[in-house]
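File shown: model.tsv (TSV, C-alpha atoms).
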```
chain	number	residue	atom	x	y	z
G	1	MET	CA	-24.82	52.33	-82.65
G	2	LEU	CA	-24.67	48.63	-81.94
G	3	ASN	CA	-28.02	47.54	-80.56
G	4	ASN	CA	-27.69	43.85	-79.94
G	5	ALA	CA	-25.31	40.95	-79.98
G	6	ALA	CA	-26.22	39.70	-83.43
G	7	GLU	CA	-25.80	43.11	-85.02
G	8	ALA	CA	-22.62	43.75	-83.11
G	9	ARG	CA	-21.06	40.49	-84.19
G	10	ALA	CA	-22.19	40.83	-87.78
G	11	ARG	CA	-19.82	43.74	-88.31
G	12	PRO	CA	-16.08	43.45	-88.09
G	13	PRO	CA	-14.65	46.25	-85.96
G	14	GLU	CA	-13.25	49.25	-87.80
G	15	MET	CA	-9.79	49.69	-86.40
G	16	GLU	CA	-8.22	53.00	-85.50
G	17	ASP	CA	-5.44	54.36	-87.72
G	18	ALA	CA	-2.04	52.86	-86.92
G	19	ASP	CA	-0.70	55.97	-85.19
G	20	VAL	CA	-3.80	56.38	-83.03
G	21	TYR	CA	-3.75	52.68	-82.13
G	22	LYS	CA	-0.08	52.88	-81.20
G	23	LYS	CA	-0.67	55.83	-78.88
G	24	GLN	CA	-3.69	54.17	-77.29
G	25	LEU	CA	-1.79	50.94	-76.74
G	26	GLU	CA	1.16	52.75	-75.17
G	27	LEU	CA	-1.19	54.72	-72.94
G	28	PHE	CA	-3.02	51.55	-71.89
G	29	ILE	CA	0.21	49.74	-71.01
G	30	ARG	CA	1.64	52.75	-69.16
G	31	CYS	CA	-1.52	53.13	-67.05
G	32	SER	CA	-1.92	49.40	-66.30
G	33	THR	CA	-0.44	49.26	-62.84
G	34	ASP	CA	-0.89	45.54	-62.33
G	35	LYS	CA	-0.30	44.29	-65.87
G	36	ARG	CA	2.65	42.35	-64.51
G	37	ILE	CA	0.23	39.96	-62.78
G	38	GLU	CA	-0.51	38.52	-66.23
G	39	LEU	CA	3.21	37.91	-66.69
G	40	VAL	CA	3.36	36.17	-63.32
G	41	ARG	CA	0.45	33.88	-64.21
G	42	LEU	CA	1.90	33.11	-67.64
G	43	GLY	CA	5.29	32.51	-66.03
G	44	GLU	CA	3.73	29.83	-63.84
G	45	VAL	CA	2.44	28.05	-66.93
G	46	ILE	CA	5.82	28.31	-68.66
G	47	ALA	CA	7.64	26.99	-65.59
G	48	ASP	CA	5.49	23.89	-65.84
G	49	LEU	CA	6.50	23.18	-69.46
G	50	ARG	CA	8.54	20.09	-70.22
G	51	HIS	CA	10.46	21.93	-72.97
G	52	ARG	CA	11.01	25.64	-73.57
G	53	ARG	CA	12.24	25.64	-77.15
G	54	ARG	CA	9.77	27.54	-79.28
G	55	PHE	CA	7.24	30.23	-78.33
G	56	LEU	CA	4.48	31.58	-80.57
G	57	ASP	CA	2.63	34.80	-79.72
G	58	VAL	CA	-0.58	35.22	-81.72
G	59	GLY	CA	-1.42	38.94	-81.85
G	60	ALA	CA	1.61	40.24	-79.98
G	61	GLY	CA	0.73	43.93	-80.30
G	62	SER	CA	3.72	45.96	-79.18
G	63	GLY	CA	5.27	42.88	-77.59
G	64	ASP	CA	4.82	43.96	-73.96
G	65	LEU	CA	4.23	40.31	-73.02
G	66	THR	CA	6.24	38.73	-75.83
G	67	ILE	CA	9.55	40.41	-75.02
G	68	PRO	CA	9.87	39.27	-71.38
G	69	LEU	CA	8.41	35.82	-72.07
G	70	ALA	CA	10.75	35.28	-75.05
G	71	GLN	CA	13.69	35.17	-72.66
G	72	ALA	CA	12.47	31.77	-71.46
G	73	PHE	CA	12.61	30.24	-74.95
G	74	HIS	CA	15.24	29.49	-77.58
G	75	GLU	CA	13.08	30.81	-80.42
G	76	THR	CA	10.16	33.25	-80.64
G	77	THR	CA	7.65	33.61	-83.45
G	78	ILE	CA	5.07	36.38	-83.72
G	79	VAL	CA	1.93	36.70	-85.81
G	80	GLU	CA	0.70	40.29	-85.78
G	81	PRO	CA	-1.45	42.04	-88.42
G	82	ASN	CA	-0.38	45.57	-87.46
G	83	ALA	CA	2.50	46.55	-89.76
G	84	ALA	CA	3.79	49.32	-87.48
G	85	GLN	CA	4.10	46.93	-84.53
G	86	ILE	CA	5.86	44.36	-86.69
G	87	GLU	CA	8.32	46.99	-87.93
G	88	PHE	CA	9.03	48.08	-84.34
G	89	LEU	CA	9.70	44.47	-83.30
G	90	ARG	CA	11.81	43.81	-86.41
G	91	ARG	CA	14.12	46.71	-85.53
G	92	ARG	CA	14.40	45.88	-81.83
G	93	TYR	CA	14.42	42.08	-81.94
G	94	PRO	CA	15.92	40.88	-85.23
G	95	ASP	CA	16.03	37.28	-83.99
G	96	PHE	CA	12.25	37.03	-83.72
G	97	LYS	CA	10.45	35.30	-86.58
G	98	LEU	CA	7.76	37.75	-87.67
G	99	HIS	CA	4.61	37.17	-89.70
G	100	ASN	CA	2.78	40.37	-90.59
G	101	THR	CA	-0.67	38.90	-91.13
G	102	THR	CA	-3.80	37.73	-89.34
G	103	TRP	CA	-3.79	34.40	-87.56
G	104	ASN	CA	-6.25	32.88	-90.01
G	105	GLU	CA	-4.04	33.93	-92.95
G	106	ALA	CA	-0.76	32.94	-91.32
G	107	ASP	CA	1.14	30.05	-92.89
G	108	LEU	CA	3.54	28.54	-90.37
G	109	GLY	CA	4.09	25.36	-92.33
G	110	GLY	CA	4.81	22.45	-90.04
G	111	ASP	CA	6.21	24.56	-87.19
G	112	ARG	CA	5.28	23.40	-83.72
G	113	PHE	CA	5.60	25.29	-80.47
G	114	ASP	CA	5.97	24.44	-76.80
G	115	PHE	CA	3.94	27.48	-75.76
G	116	ILE	CA	1.35	29.46	-77.70
G	117	LEU	CA	-0.04	32.70	-76.27
G	118	CYS	CA	-3.25	34.33	-77.46
G	119	SER	CA	-3.79	37.28	-75.11
G	120	HIS	CA	-6.77	39.60	-75.67
G	121	VAL	CA	-6.92	38.75	-79.36
G	122	LEU	CA	-10.16	36.83	-79.94
G	123	TYR	CA	-12.27	40.01	-79.65
G	124	TYR	CA	-11.07	40.91	-83.13
G	125	LEU	CA	-12.73	37.79	-84.54
G	126	ASP	CA	-16.35	36.82	-84.92
G	127	THR	CA	-17.30	34.43	-82.11
G	128	THR	CA	-17.97	31.68	-84.64
G	129	ASP	CA	-14.31	31.87	-85.70
G	130	TRP	CA	-12.95	31.35	-82.17
G	131	MET	CA	-12.85	27.55	-82.11
G	132	PRO	CA	-11.52	27.18	-85.69
G	133	SER	CA	-8.73	29.61	-84.76
G	134	ILE	CA	-7.98	27.66	-81.59
G	135	ASP	CA	-8.03	24.40	-83.54
G	136	LYS	CA	-5.39	25.90	-85.84
G	137	MET	CA	-3.28	26.81	-82.80
G	138	ARG	CA	-3.68	23.24	-81.56
G	139	VAL	CA	-2.22	21.98	-84.86
G	140	HIS	CA	0.92	24.02	-84.18
G	141	LEU	CA	1.25	22.96	-80.54
G	142	GLU	CA	3.76	20.32	-79.46
G	143	PRO	CA	2.02	17.28	-77.94
G	144	ASP	CA	3.19	18.24	-74.45
G	145	GLY	CA	2.87	22.00	-75.03
G	146	ARG	CA	0.48	24.55	-73.56
G	147	LEU	CA	-1.93	26.96	-75.20
G	148	ALA	CA	-2.70	30.06	-73.10
G	149	ILE	CA	-5.78	32.15	-73.93
G	150	VAL	CA	-6.43	35.38	-72.03
G	151	LEU	CA	-9.72	37.24	-72.23
G	152	GLN	CA	-11.56	39.67	-70.04
G	153	SER	CA	-13.95	38.26	-67.46
G	154	PRO	CA	-17.72	38.56	-67.95
G	155	ILE	CA	-17.92	40.25	-64.53
G	156	GLY	CA	-16.25	43.30	-63.05
G	157	GLU	CA	-15.84	46.96	-63.89
G	158	LEU	CA	-14.54	46.56	-67.41
G	159	ALA	CA	-17.28	44.06	-68.27
G	160	ASN	CA	-19.84	46.59	-67.01
G	161	PHE	CA	-18.29	49.32	-69.16
G	162	TYR	CA	-18.12	47.04	-72.17
G	163	ASN	CA	-21.72	45.88	-71.76
G	164	CYS	CA	-22.92	49.46	-71.36
G	165	PHE	CA	-21.51	50.59	-74.70
G	166	ALA	CA	-20.95	47.55	-76.89
G	167	HIS	CA	-24.06	45.66	-75.72
G	168	PHE	CA	-22.54	42.26	-76.13
G	169	ASP	CA	-20.56	40.02	-73.88
G	170	VAL	CA	-17.17	38.51	-74.42
G	171	ASP	CA	-18.49	34.97	-74.38
G	172	ILE	CA	-15.64	33.45	-72.41
G	173	LEU	CA	-18.05	31.16	-70.55
G	174	GLY	CA	-19.14	29.72	-73.90
G	175	LEU	CA	-15.55	29.36	-75.07
G	176	TRP	CA	-14.59	27.73	-71.78
G	177	ARG	CA	-17.41	25.16	-72.20
G	178	GLN	CA	-16.32	24.45	-75.78
G	179	LEU	CA	-12.70	23.96	-74.73
G	180	ILE	CA	-13.77	21.44	-72.08
G	181	HIS	CA	-15.98	19.70	-74.63
G	182	ARG	CA	-13.18	19.61	-77.22
G	183	PHE	CA	-10.15	18.80	-75.06
G	184	GLY	CA	-11.64	17.32	-71.89
G	185	ASP	CA	-12.08	18.58	-68.37
G	186	ARG	CA	-8.58	17.71	-67.15
G	187	ALA	CA	-6.96	19.45	-70.12
G	188	VAL	CA	-8.37	22.90	-69.32
G	189	ASP	CA	-7.07	24.92	-66.39
G	190	VAL	CA	-8.07	28.41	-65.28
G	191	ARG	CA	-6.53	31.42	-63.55
G	192	TYR	CA	-8.38	34.61	-62.56
G	193	PHE	CA	-6.57	37.87	-61.97
G	194	VAL	CA	-7.23	41.60	-61.91
G	195	ASN	CA	-5.36	44.42	-63.59
G	196	GLU	CA	-5.96	48.03	-62.54
G	197	ILE	CA	-5.86	50.91	-64.98
G	198	TRP	CA	-5.15	54.30	-63.39
G	199	THR	CA	-5.07	57.65	-65.15
G	200	ASP	CA	-4.40	61.15	-63.84
G	201	ASN	CA	-7.05	62.70	-66.02
G	202	LEU	CA	-10.37	61.95	-67.68
G	203	ASP	CA	-9.06	62.44	-71.24
G	204	ASP	CA	-6.64	59.56	-70.87
G	205	MET	CA	-9.30	57.27	-69.40
G	206	VAL	CA	-11.64	58.06	-72.30
G	207	GLU	CA	-8.87	57.23	-74.77
G	208	ILE	CA	-8.25	53.92	-72.97
G	209	GLY	CA	-11.99	53.23	-73.05
G	210	LEU	CA	-12.00	53.79	-76.80
G	211	PHE	CA	-9.00	51.48	-77.16
G	212	LEU	CA	-10.79	48.75	-75.19
G	213	LEU	CA	-13.94	49.11	-77.28
G	214	ILE	CA	-11.75	48.38	-80.35
G	215	ASP	CA	-14.10	49.88	-82.95
G	216	ARG	CA	-13.31	53.51	-83.85
G	217	ASN	CA	-17.00	54.16	-84.49
G	218	PHE	CA	-17.32	54.53	-80.71
G	219	ARG	CA	-15.31	57.78	-80.98
G	220	ALA	CA	-18.59	59.47	-81.92
G	221	ARG	CA	-19.79	58.59	-78.41
G	222	SER	CA	-16.78	60.03	-76.61
G	223	ASP	CA	-18.94	62.40	-74.56
G	224	GLU	CA	-21.07	59.51	-73.26
G	225	ILE	CA	-17.92	57.54	-72.42
G	226	ARG	CA	-16.52	60.60	-70.63
G	227	ASP	CA	-19.71	60.91	-68.55
G	228	TYR	CA	-19.62	57.20	-67.72
G	229	PHE	CA	-16.07	57.31	-66.37
G	230	ALA	CA	-16.72	60.58	-64.54
G	231	ARG	CA	-19.74	59.05	-62.79
G	232	HIS	CA	-18.38	55.59	-61.99
G	233	HIS	CA	-14.58	55.65	-61.90
G	234	ARG	CA	-13.37	58.79	-60.17
G	235	ARG	CA	-10.96	57.80	-57.39
G	236	GLY	CA	-9.30	60.62	-55.48
G	237	ASP	CA	-7.38	62.81	-57.93
G	238	GLY	CA	-7.57	60.32	-60.77
G	239	TYR	CA	-9.57	57.60	-62.42
G	240	ARG	CA	-9.43	53.84	-61.93
G	241	LEU	CA	-10.85	51.01	-64.04
G	242	LYS	CA	-10.43	47.42	-62.86
G	243	GLN	CA	-9.90	44.84	-65.57
G	244	ASP	CA	-10.85	41.32	-64.47
G	245	GLU	CA	-9.09	38.79	-66.69
G	246	ILE	CA	-9.29	35.05	-67.19
G	247	LEU	CA	-6.45	32.84	-68.36
G	248	LEU	CA	-7.51	29.52	-69.85
G	249	VAL	CA	-4.68	27.02	-70.26
G	250	VAL	CA	-5.16	24.07	-72.60
G	251	ARG	CA	-2.94	21.01	-72.11
G	252	PRO	CA	-3.95	18.72	-74.98
G	253	GLN	CA	-1.82	15.79	-73.84
G	254	LEU	CA	-4.26	15.34	-70.96
G	255	SER	CA	-7.25	15.16	-73.29
H	1	MET	CA	-22.40	14.32	-57.45
H	2	GLN	CA	-25.52	14.78	-55.37
H	3	ILE	CA	-27.46	18.00	-54.86
H	4	ASP	CA	-29.88	18.70	-52.01
H	5	THR	CA	-31.52	22.05	-51.48
H	6	ARG	CA	-32.93	23.69	-48.39
H	7	LYS	CA	-34.28	27.11	-47.55
H	8	GLN	CA	-32.46	29.07	-44.86
H	9	GLY	CA	-33.94	32.49	-44.34
H	10	ASP	CA	-33.75	34.43	-47.61
H	11	TRP	CA	-31.21	31.98	-48.99
H	12	LEU	CA	-31.59	28.79	-50.98
H	13	VAL	CA	-28.74	26.52	-49.93
H	14	TYR	CA	-27.40	23.98	-52.43
H	15	SER	CA	-25.72	21.17	-50.48
H	16	ILE	CA	-23.43	19.54	-52.99
H	17	SER	CA	-21.49	16.36	-52.40
H	18	GLY	CA	-19.08	14.32	-54.50
H	19	GLN	CA	-17.14	15.69	-57.47
H	20	ILE	CA	-17.90	18.74	-59.59
H	21	ASP	CA	-16.18	17.98	-62.88
H	22	GLY	CA	-16.79	17.92	-66.60
H	23	ILE	CA	-19.33	15.14	-66.22
H	24	THR	CA	-21.36	16.56	-63.34
H	25	ALA	CA	-20.95	20.33	-63.85
H	26	PRO	CA	-23.61	20.56	-66.61
H	27	GLN	CA	-26.18	19.10	-64.20
H	28	LEU	CA	-25.27	21.68	-61.54
H	29	GLU	CA	-25.28	24.49	-64.08
H	30	ALA	CA	-28.73	23.53	-65.39
H	31	SER	CA	-30.11	23.29	-61.86
H	32	LEU	CA	-28.71	26.67	-60.82
H	33	ARG	CA	-29.86	28.36	-64.01
H	34	GLY	CA	-33.36	26.92	-63.63
H	35	THR	CA	-33.54	28.05	-60.01
H	36	ILE	CA	-32.34	31.56	-60.84
H	37	ASP	CA	-34.68	31.82	-63.82
H	38	ALA	CA	-37.53	30.77	-61.52
H	39	GLY	CA	-36.84	33.85	-59.41
H	40	GLU	CA	-34.57	32.65	-56.61
H	41	SER	CA	-32.35	35.61	-55.87
H	42	ARG	CA	-29.98	34.43	-53.09
H	43	ILE	CA	-28.15	31.15	-53.47
H	44	ALA	CA	-25.40	29.62	-51.36
H	45	ALA	CA	-23.44	26.55	-52.42
H	46	ASP	CA	-22.49	24.41	-49.41
H	47	LEU	CA	-19.28	22.68	-50.49
H	48	SER	CA	-18.50	20.81	-47.28
H	49	GLY	CA	-19.21	17.51	-49.06
H	50	VAL	CA	-17.32	18.27	-52.28
H	51	ARG	CA	-14.05	16.36	-52.52
H	52	TYR	CA	-12.94	17.59	-55.97
H	53	ILE	CA	-13.70	20.51	-58.27
H	54	SER	CA	-12.34	21.00	-61.78
H	55	SER	CA	-12.32	24.08	-64.01
H	56	ALA	CA	-15.75	22.98	-65.26
H	57	GLY	CA	-17.08	23.48	-61.73
H	58	LEU	CA	-15.37	26.85	-61.34
H	59	ARG	CA	-16.97	27.88	-64.60
H	60	VAL	CA	-20.44	27.07	-63.20
H	61	PHE	CA	-19.76	29.20	-60.12
H	62	LEU	CA	-18.59	32.12	-62.26
H	63	ALA	CA	-21.76	31.86	-64.34
H	64	ALA	CA	-23.89	31.95	-61.16
H	65	LEU	CA	-21.88	34.85	-59.77
H	66	ARG	CA	-22.41	36.74	-62.98
H	67	GLN	CA	-26.17	36.20	-62.85
H	68	LEU	CA	-26.68	36.96	-59.17
H	69	GLY	CA	-23.85	39.28	-58.15
H	70	ASN	CA	-21.42	38.97	-55.26
H	71	ASP	CA	-23.89	39.75	-52.48
H	72	ARG	CA	-26.38	37.16	-53.67
H	73	PHE	CA	-24.19	34.16	-54.43
H	74	ARG	CA	-21.74	32.65	-51.98
H	75	LEU	CA	-19.76	29.53	-51.29
H	76	LEU	CA	-19.98	27.86	-47.87
H	77	SER	CA	-17.46	25.68	-46.05
H	78	PRO	CA	-15.24	24.48	-48.88
H	79	THR	CA	-13.14	21.43	-48.06
H	80	ASP	CA	-9.37	21.87	-48.04
H	81	THR	CA	-9.10	20.45	-51.56
H	82	VAL	CA	-11.74	22.78	-52.94
H	83	ARG	CA	-10.32	25.74	-51.01
H	84	GLU	CA	-6.94	25.06	-52.58
H	85	ALA	CA	-8.51	25.01	-56.06
H	86	LEU	CA	-10.23	28.33	-55.32
H	87	ASP	CA	-6.98	29.85	-54.04
H	88	ILE	CA	-4.75	28.64	-56.87
H	89	SER	CA	-7.20	29.67	-59.58
H	90	GLY	CA	-7.68	33.14	-58.08
H	91	PHE	CA	-11.42	32.53	-57.66
H	92	ALA	CA	-11.08	32.98	-53.90
H	93	ASN	CA	-10.45	36.68	-54.62
H	94	ILE	CA	-13.78	37.22	-56.38
H	95	MET	CA	-16.15	34.78	-54.65
H	96	ALA	CA	-17.80	35.40	-51.28
H	97	ILE	CA	-16.64	32.44	-49.17
H	98	SER	CA	-17.60	31.80	-45.56
H	99	ASP	CA	-18.31	29.03	-43.08
H	100	SER	CA	-21.93	30.01	-42.61
H	101	LEU	CA	-24.54	32.38	-43.99
H	102	GLU	CA	-23.96	34.60	-41.01
H	103	GLY	CA	-20.22	34.78	-41.71
```
Could you render the structure from this file as structure tokens?
Amino acid sequence: MLNNAAEARARPPEMEDADVYKKQLELFIRCSTDKRIELVRLGEVIADLRHRRRFLDVGAGSGDLTIPLAQAFHETTIVEPNAAQIEFLRRRYPDFKLHNTTWNEADLGGDRFDFILCSHVLYYLDTTDWMPSIDKMRVHLEPDGRLAIVLQSPIGELANFYNCFAHFDVDILGLWRQLIHRFGDRAVDVRYFVNEIWTDNLDDMVEIGLFLLIDRNFRARSDEIRDYFARHHRRGDGYRLKQDEILLVVRPQLS
Amino acid sequence: MQIDTRKQGDWLVYSISGQIDGITAPQLEASLRGTIDAGESRIAADLSGVRYISSAGLRVFLAALRQLGNDRFRLLSPTDTVREALDISGFANIMAISDSLEG
């Protein structure tokens, strides 16, 4: 059990097996009724770009955001450490440039992009690696490009669930302060939006909870997670979990 | 940016005027944090004198909201410019905003 922030962050999460992860991800996407709001918010950022030539998605997962957003760009590049997801994208979208590795290991040479997306990825890194990873993204960003970082909010139902079991916060307030310090106040913009996750049954909500907790060691606490959702998230015939999300947009040319 | 505080019933009202931006937001954040740490449990930010707010200011409000909760932190009388920033950012959907403490 993770007892405090320091202990929690000292250990890298142990990921689920590829097949389990794939099923959890598909379940999460299928049950996210308002996931399209993230696409709308990202679309607003893309519409504001001066050029829409090259798009980089860092940690694309199954490509649920990448695939629709790629239609706005001439060229799409993906960095994704999950081999099964990369193979799926390779079969379906042979024009995508795919890098099957972690962001920190990725070698993109001198490639630069008009838009870089990093959606719900930083949780997989130690907090101390967040800014170095973002600095690397900045290197690959066109001077008039945009970097979009999406993380869950520190408030709301999902934050409460996360704090209850993982006992540490997603330090987006700290990241936000660092981005302002690094790039300047005018270069950092924010959008707040809420996704809703609905399931017909408790088993599916527990599986989504385990997916959101990332580390498979939490599977040993499935009964506690089941009780939590049964107590707090029963809505009519199903279960609902609200996911408050924050989009931070960095525009370095304004720094 | 200038901050004046007054007590109104159970609430401590922060009357803020000027700009809340990357330069001034740390001062506001430190003041709010100190007040909350000292035990003040209901805080309202009167924004009728604020002519500009950046993401640094929104960040301070989110931090206060997180510490106090939605029924204990509210924004009062935002100017049109600030209201627009709250609407565009989506913060208007999560913050309690009214024209008075009775509202």
### Task
Return as a list in words the residues belonging to chain G that are within 7 Å of chain H, counting all atoms listed in the file.
Ile155, Leu173, Asp185, Val188, Asp189, Val190, Arg191, Tyr192 and Phe193 of chain G
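For the choices G:Leu122, G:Ile134, G:Ala18, G:Leu65, the atom-to-atom distance to Asp171 (chain G) is smallest for G:Leu122 when using only C-alpha atoms.
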#### Entry: Gap from CA of Thr102 (chain G) to CA of Asp135 (chain G) - Å, one decimal
15.1 Å
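With CA of Arg51 (chain H) on one side and CA of Thr79 (chain H) on the other, the separation reads 6.8 Å.
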### Message
Rounded to one decimal, what separation in Å do you get between CA of Gln152 (chain G) and CA of Asp244 (chain G)?
### Response
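Separating CA of Gln152 (chain G) from CA of Asp244 (chain G) is a distance of 5.9 Å.
Using only C-alpha atoms, the smallest distance between any of H:Glu29, H:Asp71, H:Asp46, H:Asp80 and Tyr14 (chain H) comes from H:Asp46.
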### Message
Can you pull out the residues contacting Ala44 (chain H)? Cut-off 9 Å, using all atoms listed in the file, and skip same-chain residues under 5 positions away; I want them as a list in words.
### Response
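Surrounding residues, per the criterion: Trp11, Leu12, Val13, Tyr14, Ser15, Arg72, Phe73, Arg74, Leu75, Leu76 and Leu101 of chain H.
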### Task
Tell me, as JSON, numbers by chain, which residues lie within 6 Å of Leu47 (chain H), counting all atoms listed in the file; anything in the same chain fewer than 5 positions away does not count.
{"H": [16, 76, 77, 78]}
#### Entry: Pick from H:Val50, H:Ser41, H:Phe61, H:Leu68, whichever lies nearest to Thr81 (chain H) using all atoms listed in the file
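Between H:Val50, H:Ser41, H:Phe61, H:Leu68, the residue approaching Thr81 (chain H) most closely is H:Val50.
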### Summary
Val58 (chain G) proximity check over G:Phe165, G:Tyr21, G:Tyr93, G:Phe115, using all atoms listed in the file: winner is G:Phe115
Can you tell me, as lines of an AutoDock Vina configuration file, the centre and edge lengths (Å, one decimal) of the axis-aligned box enclosing all of region 13-22 of chain H's listed atoms after padding each side by 8 Å?
```
center_x = -22.5
center_y = 20.4
center_z = -58.3
size_x = 28.6
size_y = 28.2
size_z = 32.7
```
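Using only C-alpha atoms, the nearest neighbour of Asp99 (chain H) within the list H:Ile53, H:Ala30, H:Ala45, H:Ile20 is H:Ala45.
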Requested file, region 29-47 of chain H restricted to N, CA and C atoms, as a compact mmCIF listing (two decimals), in the first residue's frame:
```txt
# COMPACT_ATOMS: atom_id res chain seq x y z
N GLU H 29 -1.78 34.65 -3.78
CA GLU H 29 -1.75 33.26 -3.34
C GLU H 29 -1.21 33.14 -1.92
N ALA H 30 -0.11 33.85 -1.64
CA ALA H 30 0.48 33.80 -0.30
C ALA H 30 -0.48 34.34 0.74
N SER H 31 -1.18 35.42 0.40
CA SER H 31 -2.13 36.01 1.34
C SER H 31 -3.28 35.05 1.62
N LEU H 32 -3.85 34.48 0.56
CA LEU H 32 -4.96 33.54 0.75
C LEU H 32 -4.53 32.32 1.55
N ARG H 33 -3.35 31.79 1.21
CA ARG H 33 -2.89 30.59 1.91
C ARG H 33 -2.68 30.88 3.39
N GLY H 34 -2.07 32.05 3.67
CA GLY H 34 -1.84 32.43 5.07
C GLY H 34 -3.14 32.58 5.83
N THR H 35 -4.13 33.18 5.17
CA THR H 35 -5.43 33.38 5.81
C THR H 35 -6.12 32.05 6.08
N ILE H 36 -6.07 31.16 5.11
CA ILE H 36 -6.71 29.85 5.27
C ILE H 36 -5.98 29.04 6.35
N ASP H 37 -4.65 29.08 6.30
CA ASP H 37 -3.87 28.35 7.31
C ASP H 37 -4.14 28.89 8.72
N ALA H 38 -4.48 30.17 8.79
CA ALA H 38 -4.77 30.79 10.11
C ALA H 38 -6.16 30.42 10.62
N GLY H 39 -6.93 29.73 9.78
CA GLY H 39 -8.22 29.22 10.25
C GLY H 39 -9.44 29.84 9.61
N GLU H 40 -9.25 30.81 8.74
CA GLU H 40 -10.42 31.42 8.07
C GLU H 40 -11.04 30.38 7.15
N SER H 41 -12.34 30.16 7.28
CA SER H 41 -12.93 29.04 6.56
C SER H 41 -13.89 29.45 5.45
N ARG H 42 -14.26 30.73 5.37
CA ARG H 42 -15.14 31.20 4.29
C ARG H 42 -14.55 32.47 3.71
N ILE H 43 -14.17 32.39 2.46
CA ILE H 43 -13.52 33.54 1.81
C ILE H 43 -14.23 33.85 0.50
N ALA H 44 -14.49 35.14 0.29
CA ALA H 44 -15.06 35.60 -0.98
C ALA H 44 -14.08 36.60 -1.59
N ALA H 45 -13.87 36.47 -2.89
CA ALA H 45 -12.99 37.40 -3.60
C ALA H 45 -13.86 38.37 -4.40
N ASP H 46 -13.88 39.62 -3.97
CA ASP H 46 -14.65 40.66 -4.67
C ASP H 46 -13.80 41.15 -5.84
N LEU H 47 -14.26 40.88 -7.06
CA LEU H 47 -13.47 41.16 -8.25
C LEU H 47 -13.97 42.39 -9.02
```
